[in-house]
Every structure is written in C-alpha cells, then in structure tokens.
>>> print(open('input.pdb').read())   # PDB, C-alpha atoms
MODEL        1
ATOM      1  CA  MET A 119      87.668 100.233 118.602  1.00  0.00           C
ATOM      2  CA  VAL A 120      90.335  99.193 121.108  1.00  0.00           C
ATOM      3  CA  LEU A 121      89.767  95.547 120.188  1.00  0.00           C
ATOM      4  CA  ALA A 122      89.856  96.373 116.467  1.00  0.00           C
ATOM      5  CA  GLN A 123      93.174  98.196 116.901  1.00  0.00           C
ATOM      6  CA  THR A 124      94.756  95.077 118.372  1.00  0.00           C
ATOM      7  CA  GLY A 125      94.282  93.339 115.021  1.00  0.00           C
ATOM      8  CA  MET A 126      91.081  91.413 115.795  1.00  0.00           C
ATOM      9  CA  THR A 127      88.684  90.990 112.882  1.00  0.00           C
ATOM     10  CA  ALA A 128      85.144  92.399 113.005  1.00  0.00           C
ATOM     11  CA  ALA A 129      83.856  88.850 113.503  1.00  0.00           C
ATOM     12  CA  ASP A 130      86.212  88.346 116.470  1.00  0.00           C
ATOM     13  CA  VAL A 131      85.177  91.655 118.053  1.00  0.00           C
ATOM     14  CA  ALA A 132      81.495  90.841 117.502  1.00  0.00           C
ATOM     15  CA  LYS A 133      81.920  87.482 119.215  1.00  0.00           C
ATOM     16  CA  ALA A 134      83.779  89.044 122.159  1.00  0.00           C
ATOM     17  CA  THR A 135      81.201  91.807 122.667  1.00  0.00           C
ATOM     18  CA  GLY A 136      78.028  89.901 121.807  1.00  0.00           C
ATOM     19  CA  GLU A 137      77.188  92.183 118.870  1.00  0.00           C
ATOM     20  CA  TYR A 138      76.428  91.572 115.199  1.00  0.00           C
ATOM     21  CA  PRO A 139      79.541  91.868 112.931  1.00  0.00           C
ATOM     22  CA  GLN A 140      77.815  94.477 110.732  1.00  0.00           C
ATOM     23  CA  ARG A 141      77.374  96.763 113.733  1.00  0.00           C
ATOM     24  CA  ILE A 142      81.087  96.449 114.492  1.00  0.00           C
ATOM     25  CA  TRP A 143      81.847  97.377 110.869  1.00  0.00           C
ATOM     26  CA  ASN A 144      79.521 100.406 111.055  1.00  0.00           C
ATOM     27  CA  VAL A 145      81.172 101.694 114.226  1.00  0.00           C
ATOM     28  CA  THR A 146      84.690 101.062 112.881  1.00  0.00           C
ATOM     29  CA  LEU A 147      84.050 102.739 109.528  1.00  0.00           C
ATOM     30  CA  HIS A 148      82.459 105.742 111.259  1.00  0.00           C
ATOM     31  CA  HIS A 149      85.539 106.340 113.393  1.00  0.00           C
ATOM     32  CA  VAL A 150      87.973 105.662 110.534  1.00  0.00           C
ATOM     33  CA  ALA A 151      86.185 108.225 108.335  1.00  0.00           C
ATOM     34  CA  LYS A 152      86.156 110.720 111.209  1.00  0.00           C
ATOM     35  CA  ALA A 153      89.897 110.206 111.811  1.00  0.00           C
ATOM     36  CA  HIS A 154      90.644 110.631 108.092  1.00  0.00           C
ATOM     37  CA  GLU A 155      88.821 113.947 107.997  1.00  0.00           C
ATOM     38  CA  ALA A 156      90.790 115.174 111.003  1.00  0.00           C
ATOM     39  CA  THR A 157      94.169 114.115 109.572  1.00  0.00           C
ATOM     40  CA  GLY A 158      96.115 117.094 108.270  1.00  0.00           C
ATOM     41  CA  LEU A 159      98.034 116.530 105.026  1.00  0.00           C
ATOM     42  CA  ALA A 160      99.555 120.002 104.564  1.00  0.00           C
ATOM     43  CA  ASP A 161     103.005 118.901 105.798  1.00  0.00           C
ATOM     44  CA  VAL A 162     103.219 115.588 103.871  1.00  0.00           C
ATOM     45  CA  ARG A 163     106.306 115.613 101.619  1.00  0.00           C
ATOM     46  CA  VAL A 164     107.126 111.898 101.274  1.00  0.00           C
ATOM     47  CA  ILE A 165     104.772 109.036 100.422  1.00  0.00           C
ATOM     48  CA  SER A 166     105.146 105.293  99.874  1.00  0.00           C
ATOM     49  CA  VAL A 167     103.135 103.319  97.317  1.00  0.00           C
ATOM     50  CA  ASP A 168     102.694  99.599  97.932  1.00  0.00           C
ATOM     51  CA  GLU A 169     100.290  96.794  97.163  1.00  0.00           C
ATOM     52  CA  VAL A 170      98.689  94.059  99.219  1.00  0.00           C
ATOM     53  CA  CYS A 171      96.732  91.052  98.003  1.00  0.00           C
ATOM     54  CA  ARG A 172      93.164  91.220  99.355  1.00  0.00           C
ATOM     55  CA  THR A 173      92.053  87.681  98.644  1.00  0.00           C
ATOM     56  CA  ARG A 174      93.239  84.440  97.138  1.00  0.00           C
ATOM     57  CA  GLY A 175      91.599  85.555  93.919  1.00  0.00           C
ATOM     58  CA  GLN A 176      94.470  87.994  93.357  1.00  0.00           C
ATOM     59  CA  LYS A 177      92.466  91.129  94.122  1.00  0.00           C
ATOM     60  CA  TYR A 178      94.851  93.881  95.109  1.00  0.00           C
ATOM     61  CA  LEU A 179      94.766  97.069  97.141  1.00  0.00           C
ATOM     62  CA  THR A 180      97.128  99.972  96.601  1.00  0.00           C
ATOM     63  CA  ILE A 181      98.172 101.544  99.894  1.00  0.00           C
ATOM     64  CA  ILE A 182      99.525 105.076 100.165  1.00  0.00           C
ATOM     65  CA  SER A 183     101.333 105.824 103.407  1.00  0.00           C
ATOM     66  CA  GLU A 184     103.611 108.432 104.908  1.00  0.00           C
ATOM     67  CA  PRO A 185     106.811 106.829 106.260  1.00  0.00           C
ATOM     68  CA  LYS A 186     107.761 107.483 109.859  1.00  0.00           C
ATOM     69  CA  GLN A 187     109.862 110.609 110.277  1.00  0.00           C
ATOM     70  CA  ASP A 188     110.560 113.388 112.751  1.00  0.00           C
ATOM     71  CA  GLY A 189     109.339 111.215 115.628  1.00  0.00           C
ATOM     72  CA  ARG A 190     105.986 110.588 113.953  1.00  0.00           C
ATOM     73  CA  PRO A 191     104.989 106.967 113.247  1.00  0.00           C
ATOM     74  CA  THR A 192     104.070 105.625 109.816  1.00  0.00           C
ATOM     75  CA  ARG A 193     100.505 106.481 108.890  1.00  0.00           C
ATOM     76  CA  VAL A 194      98.286 105.115 106.127  1.00  0.00           C
ATOM     77  CA  LEU A 195      96.766 107.938 104.086  1.00  0.00           C
ATOM     78  CA  LEU A 196      94.568 105.869 101.785  1.00  0.00           C
ATOM     79  CA  ALA A 197      93.917 102.348 100.496  1.00  0.00           C
ATOM     80  CA  LEU A 198      92.090 101.757  97.213  1.00  0.00           C
ATOM     81  CA  GLU A 199      91.222  98.665  95.208  1.00  0.00           C
ATOM     82  CA  GLY A 200      93.401  98.094  92.135  1.00  0.00           C
ATOM     83  CA  ARG A 201      97.088  98.486  91.326  1.00  0.00           C
ATOM     84  CA  ASP A 202      97.318 100.188  87.929  1.00  0.00           C
ATOM     85  CA  SER A 203      98.122 103.728  86.843  1.00  0.00           C
ATOM     86  CA  LYS A 204      94.417 104.656  87.015  1.00  0.00           C
ATOM     87  CA  THR A 205      94.462 103.797  90.723  1.00  0.00           C
ATOM     88  CA  LEU A 206      97.152 106.454  91.224  1.00  0.00           C
ATOM     89  CA  LYS A 207      94.869 109.001  89.535  1.00  0.00           C
ATOM     90  CA  GLN A 208      92.056 108.111  91.966  1.00  0.00           C
ATOM     91  CA  ILE A 209      94.483 108.402  94.877  1.00  0.00           C
ATOM     92  CA  ARG A 210      95.722 111.812  93.748  1.00  0.00           C
ATOM     93  CA  ASP A 211      92.140 113.100  93.366  1.00  0.00           C
ATOM     94  CA  HIS A 212      91.109 111.793  96.803  1.00  0.00           C
ATOM     95  CA  LEU A 213      94.145 113.246  98.582  1.00  0.00           C
ATOM     96  CA  GLN A 214      93.657 116.537  96.751  1.00  0.00           C
ATOM     97  CA  ARG A 215      90.076 116.719  98.046  1.00  0.00           C
ATOM     98  CA  ARG A 216      91.494 116.262 101.543  1.00  0.00           C
ATOM     99  CA  GLY A 217      93.826 119.239 101.108  1.00  0.00           C
ATOM    100  CA  LEU A 218      97.019 117.678  99.772  1.00  0.00           C
ATOM    101  CA  ASP A 219      98.577 119.554  96.858  1.00  0.00           C
ATOM    102  CA  PRO A 220     100.265 116.958  94.576  1.00  0.00           C
ATOM    103  CA  GLU A 221     103.032 119.494  93.893  1.00  0.00           C
ATOM    104  CA  GLN A 222     104.075 119.399  97.559  1.00  0.00           C
ATOM    105  CA  ILE A 223     105.173 115.745  97.293  1.00  0.00           C
ATOM    106  CA  GLU A 224     108.960 115.698  96.975  1.00  0.00           C
ATOM    107  CA  LEU A 225     109.648 111.954  97.047  1.00  0.00           C
ATOM    108  CA  VAL A 226     107.655 108.816  96.242  1.00  0.00           C
ATOM    109  CA  CYS A 227     108.913 105.382  97.295  1.00  0.00           C
ATOM    110  CA  SER A 228     107.667 102.410  95.288  1.00  0.00           C
ATOM    111  CA  ASP A 229     108.464  99.008  93.811  1.00  0.00           C
ATOM    112  CA  MET A 230     109.470  98.579  90.152  1.00  0.00           C
ATOM    113  CA  SER A 231     105.944  97.949  88.868  1.00  0.00           C
ATOM    114  CA  ALA A 232     105.549  99.513  85.409  1.00  0.00           C
ATOM    115  CA  ALA A 233     101.964 100.540  86.266  1.00  0.00           C
ATOM    116  CA  TYR A 234     103.068 102.330  89.459  1.00  0.00           C
ATOM    117  CA  ILE A 235     105.982 104.034  87.693  1.00  0.00           C
ATOM    118  CA  LYS A 236     103.601 105.317  84.998  1.00  0.00           C
ATOM    119  CA  GLY A 237     100.996 106.442  87.539  1.00  0.00           C
ATOM    120  CA  ILE A 238     103.522 108.191  89.773  1.00  0.00           C
ATOM    121  CA  SER A 239     105.122 110.044  86.841  1.00  0.00           C
ATOM    122  CA  GLU A 240     101.675 111.193  85.647  1.00  0.00           C
ATOM    123  CA  GLN A 241     100.175 112.162  89.013  1.00  0.00           C
ATOM    124  CA  PHE A 242     103.217 113.198  91.066  1.00  0.00           C
ATOM    125  CA  GLY A 243     105.546 114.246  88.239  1.00  0.00           C
ATOM    126  CA  GLY A 244     107.496 116.736  90.336  1.00  0.00           C
ATOM    127  CA  ALA A 245     108.548 114.108  92.890  1.00  0.00           C
ATOM    128  CA  LEU A 246     111.729 112.055  92.942  1.00  0.00           C
ATOM    129  CA  LEU A 247     110.920 108.354  92.443  1.00  0.00           C
ATOM    130  CA  VAL A 248     112.862 106.003  94.721  1.00  0.00           C
ATOM    131  CA  PHE A 249     112.784 102.205  94.543  1.00  0.00           C
ATOM    132  CA  ASP A 250     112.827 100.889  98.081  1.00  0.00           C
ATOM    133  CA  TYR A 251     115.363  98.504  99.590  1.00  0.00           C
ATOM    134  CA  PHE A 252     112.899  95.697 100.275  1.00  0.00           C
ATOM    135  CA  HIS A 253     111.615  95.379  96.710  1.00  0.00           C
ATOM    136  CA  VAL A 254     115.048  95.614  95.079  1.00  0.00           C
ATOM    137  CA  VAL A 255     116.472  92.896  97.328  1.00  0.00           C
ATOM    138  CA  LYS A 256     113.299  90.801  96.956  1.00  0.00           C
ATOM    139  CA  LEU A 257     113.704  90.918  93.182  1.00  0.00           C
ATOM    140  CA  VAL A 258     117.112  89.255  93.538  1.00  0.00           C
ATOM    141  CA  SER A 259     116.083  86.814  96.289  1.00  0.00           C
ATOM    142  CA  ASP A 260     113.161  85.682  94.101  1.00  0.00           C
ATOM    143  CA  ALA A 261     115.647  85.068  91.273  1.00  0.00           C
ATOM    144  CA  LEU A 262     117.822  83.079  93.683  1.00  0.00           C
ATOM    145  CA  ASP A 263     114.827  80.901  94.597  1.00  0.00           C
ATOM    146  CA  LYS A 264     114.135  80.255  90.899  1.00  0.00           C
ATOM    147  CA  VAL A 265     117.759  79.124  90.504  1.00  0.00           C
ATOM    148  CA  ARG A 266     117.338  76.800  93.490  1.00  0.00           C
ATOM    149  CA  LYS A 267     114.117  75.288  92.110  1.00  0.00           C
ATOM    150  CA  ARG A 268     115.689  74.686  88.712  1.00  0.00           C
ATOM    151  CA  ALA A 269     118.845  73.162  90.181  1.00  0.00           C
ATOM    152  CA  ARG A 270     116.904  70.954  92.563  1.00  0.00           C
ATOM    153  CA  ARG A 271     115.246  69.147  89.675  1.00  0.00           C
ATOM    154  CA  GLU A 272     118.718  68.045  88.604  1.00  0.00           C
ATOM    155  CA  PHE A 273     120.325  67.671  92.045  1.00  0.00           C
ATOM    156  CA  PRO A 274     117.441  66.806  94.433  1.00  0.00           C
ATOM    157  CA  GLU A 275     119.575  65.371  97.230  1.00  0.00           C
ATOM    158  CA  ALA A 276     122.189  68.131  97.238  1.00  0.00           C
ATOM    159  CA  LEU A 277     119.509  70.847  97.575  1.00  0.00           C
ATOM    160  CA  LYS A 278     116.989  69.076  99.776  1.00  0.00           C
ATOM    161  CA  GLY A 279     115.615  71.365 102.507  1.00  0.00           C
ATOM    162  CA  VAL A 280     117.866  74.348 101.721  1.00  0.00           C
ATOM    163  CA  ARG A 281     115.205  76.889 100.708  1.00  0.00           C
ATOM    164  CA  TRP A 282     115.001  78.880 103.927  1.00  0.00           C
ATOM    165  CA  ALA A 283     118.716  78.505 104.580  1.00  0.00           C
ATOM    166  CA  MET A 284     119.284  80.487 101.374  1.00  0.00           C
ATOM    167  CA  LEU A 285     116.491  83.062 101.753  1.00  0.00           C
ATOM    168  CA  LYS A 286     116.558  83.999 105.449  1.00  0.00           C
ATOM    169  CA  GLY A 287     118.549  86.908 106.793  1.00  0.00           C
ATOM    170  CA  ASP A 288     121.806  85.878 108.435  1.00  0.00           C
ATOM    171  CA  ASP A 289     120.576  86.876 111.907  1.00  0.00           C
ATOM    172  CA  LYS A 290     117.530  84.572 111.620  1.00  0.00           C
ATOM    173  CA  LEU A 291     119.319  81.347 110.699  1.00  0.00           C
ATOM    174  CA  THR A 292     119.328  78.312 112.941  1.00  0.00           C
ATOM    175  CA  GLU A 293     122.654  76.487 113.348  1.00  0.00           C
ATOM    176  CA  GLU A 294     121.448  73.718 111.018  1.00  0.00           C
ATOM    177  CA  GLU A 295     120.405  76.264 108.362  1.00  0.00           C
ATOM    178  CA  ARG A 296     123.764  77.989 108.688  1.00  0.00           C
ATOM    179  CA  ARG A 297     125.578  74.705 108.042  1.00  0.00           C
ATOM    180  CA  LEU A 298     123.338  73.994 105.038  1.00  0.00           C
ATOM    181  CA  ARG A 299     124.051  77.438 103.587  1.00  0.00           C
ATOM    182  CA  GLN A 300     127.795  77.075 104.042  1.00  0.00           C
ATOM    183  CA  ARG A 301     127.747  73.677 102.333  1.00  0.00           C
ATOM    184  CA  VAL A 302     125.753  74.937  99.342  1.00  0.00           C
ATOM    185  CA  CYS A 303     127.859  78.092  98.957  1.00  0.00           C
ATOM    186  CA  ALA A 304     131.083  76.117  99.106  1.00  0.00           C
ATOM    187  CA  GLY A 305     129.903  73.788  96.300  1.00  0.00           C
ATOM    188  CA  LYS A 306     129.845  74.229  92.540  1.00  0.00           C
ATOM    189  CA  LEU A 307     126.074  74.445  92.029  1.00  0.00           C
ATOM    190  CA  GLN A 308     124.602  77.686  90.661  1.00  0.00           C
ATOM    191  CA  THR A 309     122.408  78.050  93.767  1.00  0.00           C
ATOM    192  CA  GLY A 310     125.460  78.807  95.908  1.00  0.00           C
ATOM    193  CA  LYS A 311     126.897  81.145  93.276  1.00  0.00           C
ATOM    194  CA  ALA A 312     123.587  83.022  93.019  1.00  0.00           C
ATOM    195  CA  PHE A 313     123.505  83.457  96.803  1.00  0.00           C
ATOM    196  CA  ASN A 314     127.023  84.889  96.687  1.00  0.00           C
ATOM    197  CA  GLN A 315     125.672  87.495  94.245  1.00  0.00           C
ATOM    198  CA  LEU A 316     122.742  88.402  96.496  1.00  0.00           C
ATOM    199  CA  GLU A 317     124.761  89.157  99.631  1.00  0.00           C
ATOM    200  CA  PRO A 318     126.883  91.990  98.099  1.00  0.00           C
ATOM    201  CA  LEU A 319     123.676  93.652  96.852  1.00  0.00           C
ATOM    202  CA  ARG A 320     122.249  93.701 100.391  1.00  0.00           C
ATOM    203  CA  THR A 321     125.403  95.499 101.543  1.00  0.00           C
ATOM    204  CA  ILE A 322     125.351  97.965  98.634  1.00  0.00           C
ATOM    205  CA  MET A 323     121.684  98.819  99.238  1.00  0.00           C
ATOM    206  CA  LYS A 324     122.555  99.864 102.805  1.00  0.00           C
ATOM    207  CA  GLN A 325     125.404 102.149 101.660  1.00  0.00           C
ATOM    208  CA  PRO A 326     124.685 105.645 103.066  1.00  0.00           C
ATOM    209  CA  ASP A 327     126.972 107.447 100.576  1.00  0.00           C
ATOM    210  CA  PRO A 328     125.011 107.830  97.298  1.00  0.00           C
ATOM    211  CA  VAL A 329     128.132 108.307  95.157  1.00  0.00           C
ATOM    212  CA  ALA A 330     129.735 105.130  96.484  1.00  0.00           C
ATOM    213  CA  ALA A 331     126.399 103.286  96.272  1.00  0.00           C
ATOM    214  CA  GLU A 332     125.941 104.191  92.597  1.00  0.00           C
ATOM    215  CA  LYS A 333     129.500 103.098  91.760  1.00  0.00           C
ATOM    216  CA  ASP A 334     129.093  99.815  93.650  1.00  0.00           C
ATOM    217  CA  LEU A 335     125.675  99.116  92.125  1.00  0.00           C
ATOM    218  CA  LYS A 336     127.057  99.606  88.599  1.00  0.00           C
ATOM    219  CA  TRP A 337     129.881  97.209  89.449  1.00  0.00           C
ATOM    220  CA  TRP A 338     127.402  94.658  90.837  1.00  0.00           C
ATOM    221  CA  SER A 339     125.133  94.868  87.785  1.00  0.00           C
ATOM    222  CA  SER A 340     128.085  94.409  85.432  1.00  0.00           C
ATOM    223  CA  TRP A 341     129.458  91.485  87.460  1.00  0.00           C
ATOM    224  CA  VAL A 342     126.138  89.646  87.686  1.00  0.00           C
ATOM    225  CA  GLY A 343     125.326  90.472  84.056  1.00  0.00           C
ATOM    226  CA  ARG A 344     128.422  88.537  82.967  1.00  0.00           C
ATOM    227  CA  SER A 345     127.498  85.461  84.995  1.00  0.00           C
ATOM    228  CA  LYS A 346     126.245  82.226  83.451  1.00  0.00           C
ATOM    229  CA  ILE A 347     123.103  82.156  85.599  1.00  0.00           C
ATOM    230  CA  PRO A 348     120.144  83.241  83.404  1.00  0.00           C
ATOM    231  CA  GLU A 349     117.808  84.177  86.286  1.00  0.00           C
ATOM    232  CA  MET A 350     120.438  86.446  87.846  1.00  0.00           C
ATOM    233  CA  LYS A 351     121.412  88.004  84.496  1.00  0.00           C
ATOM    234  CA  LYS A 352     117.754  88.892  83.923  1.00  0.00           C
ATOM    235  CA  VAL A 353     117.374  90.580  87.307  1.00  0.00           C
ATOM    236  CA  SER A 354     120.663  92.439  86.794  1.00  0.00           C
ATOM    237  CA  LYS A 355     119.266  93.854  83.549  1.00  0.00           C
ATOM    238  CA  THR A 356     116.062  94.937  85.329  1.00  0.00           C
ATOM    239  CA  ILE A 357     118.044  96.805  87.990  1.00  0.00           C
ATOM    240  CA  ARG A 358     120.230  98.494  85.347  1.00  0.00           C
ATOM    241  CA  GLU A 359     117.132  99.620  83.439  1.00  0.00           C
ATOM    242  CA  HIS A 360     115.660 101.184  86.562  1.00  0.00           C
TER     243      HIS A 360
ENDMDL
END
>>> encode(input="input.pdb", output="structure tokens")
Amino acid sequence: MVLAQTGMTAADVAKATGEYPQRIWNVTLHHVAKAHEATGLADVRVISVDEVCRTRGQKYLTIISEPKQDGRPTRVLLALEGRDSKTLKQIRDHLQRRGLDPEQIELVCSDMSAAYIKGISEQFGGALLVFDYFHVVKLVSDALDKVRKRARREFPEALKGVRWAMLKGDDKLTEEERRLRQRVCAGKLQTGKAFNQLEPLRTIMKQPDPVAAEKDLKWWSSWVGRSKIPEMKKVSKTIREH
C-alpha cells in the first residue's frame, strides 16, 4: 500500500515485491473499500465535479472530491465511469448510502459541461453551482490556440514555434519564449490580439471582490464580443450564457 500511494502502478508494485499483479489489486481494493467505509461524510458541504479520460478510447471517469479546507487536504469521495447526467444520479445514490444527505451540499464546483450542469441541478438542486477558475480560463486559452492554428496556416514563419510561448503562465516562460510572446503581441496578427484578451480574464478571475469581479467580467465579455476574432467571440458568448 505504501508503494501504491507513491503513484506506482499495480504492475510496478508486483514487480518490486515479487507478487502477481492481481494480488496487488486485491489488497489495494480491500483497503480502499475499508477506507471509504470509515470516511465520514456528515460534515461535507462543498464538492467538486470533474472528469478524467481513462483510456485513449475516450472513456471517461467522473470524480467527486471535497476541496481542501479548514486544514484538511483534498479528498476523493467517489469515481465512477461516465460523464453524463445519469452519472450524477449514481453518484448521489452512492453518497447517500454512505450517509451524505444531498441537501447538506451548499456548493458544487464544476466545468461548463451541459451534462454536468443538468445532473447537478437535478441531484443537488439546493446547492450553488460555481464554474471553477481553471475551466473558465482553459476555455479561453483553447480558443487562443485555435486562433494560433488558423493564423499559422496563413503566416507559418511568423508563428513558428510560438505555441507554448502563448499558452504558458508568465512565471513558467523561458527567456526565449518571453521574447517570442512579446514579438507576437506587438504585431498585427490576431494571435497576439487574442492573447491580449486572455490575460485580463486571468486577472478578473482572481478578483476577490464579487461585485467588482461581476462588473469586470461583463466588461470583458462585451469587449471580446465586439472583436473581429470569431473564436474569441464564441467563447465570450459561452461565458455570458453561463
């Protein structure tokens, strides 16, 4: 179990201990089930809903976790195959069997998936739905990358090797990537203009004052919605709708 907790696969643990992988799985699943039964859910008020791709065949898991708070680390409450509204019903039923009253959930954090929104409203209707920072910003950074790909077909030399310079956080840039970003942003291509629309959103999404954040987000959506960049106009509309 110590080896498994380090992130080693069952096959790796089996090789290190001289056991069959299936025996490692049996031991691991036994202790995971035992830990789940011992985990109290009576004080859970906030949950996060997220997805992870299981395999290259696009099979997904929905993961329900409790974010870290009050000195307690993040903990996974359940992971189930699927990512539609029916999966949320299965999750609610399972957590209810383990002693969690759905009415006690005050806030659910999720991405903007229509299936998750539907499932959350049906199964945790009394909770406030919050779209998390990562997924909102990712929506816009994905749009920026689409702008870059489109522009590169027309201006291959001007945008050669700039992908990560445009997508990385400022604190993770190398000096060469920083120079590339500055050059693109100072030019007239839509890639630089789209990046200059992404950066204000990152700042707004970190605004601790909700009144100021709402005002700034409305301004941002209106500003980007009037731009001549179709990918950014589309994502602005999505954010306004949500």
>>> closest_residue(input="input.pdb", among="A:Arg320, A:Arg215, A:Lys264, A:Arg201", to="Lys352 of chain A", atoms="all atoms listed in the file")
A:Lys264
>>> residues_near_point(input="input.pdb", point="(109.7, 91.7, 98.3)", cutoff="12 Å", atoms="only C-alpha atoms", output="list in words")
Asp168, Glu169, Val170, Ser228, Asp229, Met230, Ser231, Phe249, Asp250, Tyr251, Phe252, His253, Val254, Val255, Lys256, Leu257, Val258, Ser259, Asp260, Ala261 and Leu285 of chain A
>>> closest_residue(input="input.pdb", among="A:Tyr234, A:Ala160, A:Lys186, A:Thr180", to="Pro220 of chain A", atoms="all atoms listed in the file")
A:Ala160
>>> resolve_selection(input="input.pdb", expression="the PyMOL selection byres ((chain A and resi 119-128) around 8)", output="MDAnalysis selection string")
chainID A and resid 129:132 139:140 142:143 145:146
>>> residues_around(input="input.pdb", residues="Ala283 of chain A", least_positions_apart="4", cutoff="12 Å", atoms="all atoms listed in the file", output="list in words")
Leu262, Asp263, Arg266, Leu277, Lys278, Gly279, Gly287, Asp288, Asp289, Lys290, Leu291, Thr292, Glu293, Glu294, Glu295, Arg296, Arg297, Leu298, Arg299, Gln300, Arg301, Val302, Cys303, Thr309, Gly310 and Phe313 of chain A
>>> atom_distance(input="input.pdb", atom1="atom CA of Ala134 of chain A", atom2="atom CA of Lys152 of chain A")
24.4 Å
>>> resolve_selection(input="input.pdb", expression="the PyMOL selection byres ((chain A and resi 338) around 9)", output="ChimeraX atom specification")
/A:315,318-319,322,333-337,339-343,354
>>> residues_around(input="input.pdb", residues="Pro185 of chain A", least_positions_apart="5", cutoff="9 Å", atoms="all atoms listed in the file", output="list in words")
Val164, Ile165, Ser166, Arg190, Pro191, Thr192, Arg193 and Val194 of chain A
>>> closest_residue(input="input.pdb", among="A:Val162, A:Met323, A:Leu147, A:Leu198", to="Leu179 of chain A", atoms="all atoms listed in the file")
A:Leu198
>>> atom_distance(input="input.pdb", atom1="atom CA of Glu184 of chain A", atom2="atom CA of Gln241 of chain A")
16.7 Å
>>> closest_residue(input="input.pdb", among="A:Glu224, A:Asp188, A:Glu317, A:Glu240", to="Arg210 of chain A", atoms="all atoms listed in the file")
A:Glu240
>>> closest_residue(input="input.pdb", among="A:Cys171, A:Val280, A:Leu218, A:Leu206", to="Ser239 of chain A", atoms="only C-alpha atoms")
A:Leu206
>>> atom_distance(input="input.pdb", atom1="atom CA of Thr321 of chain A", atom2="atom CA of Lys355 of chain A")
19.1 Å
>>> resolve_selection(input="input.pdb", expression="the PyMOL selection byres ((chain A and resi 195) around 6)", output="count of residues only")
4
>>> residues_around(input="input.pdb", residues="Gly244 of chain A", least_positions_apart="6", cutoff="10 Å", atoms="all atoms listed in the file", output="PDB file with C-alpha atoms, in the frame of the given file")
ATOM      1  CA  PRO A 220     100.265 116.958  94.576  1.00  0.00           C
ATOM      2  CA  GLU A 221     103.032 119.494  93.893  1.00  0.00           C
ATOM      3  CA  GLN A 222     104.075 119.399  97.559  1.00  0.00           C
ATOM      4  CA  ILE A 223     105.173 115.745  97.293  1.00  0.00           C
ATOM      5  CA  GLU A 224     108.960 115.698  96.975  1.00  0.00           C
ATOM      6  CA  LEU A 225     109.648 111.954  97.047  1.00  0.00           C
ATOM      7  CA  VAL A 226     107.655 108.816  96.242  1.00  0.00           C
ATOM      8  CA  ILE A 238     103.522 108.191  89.773  1.00  0.00           C
TER       9      ILE A 238
END
>>> closest_residue(input="input.pdb", among="A:His212, A:Arg268, A:Lys324, A:Lys286", to="Ile347 of chain A", atoms="only C-alpha atoms")
A:Arg268
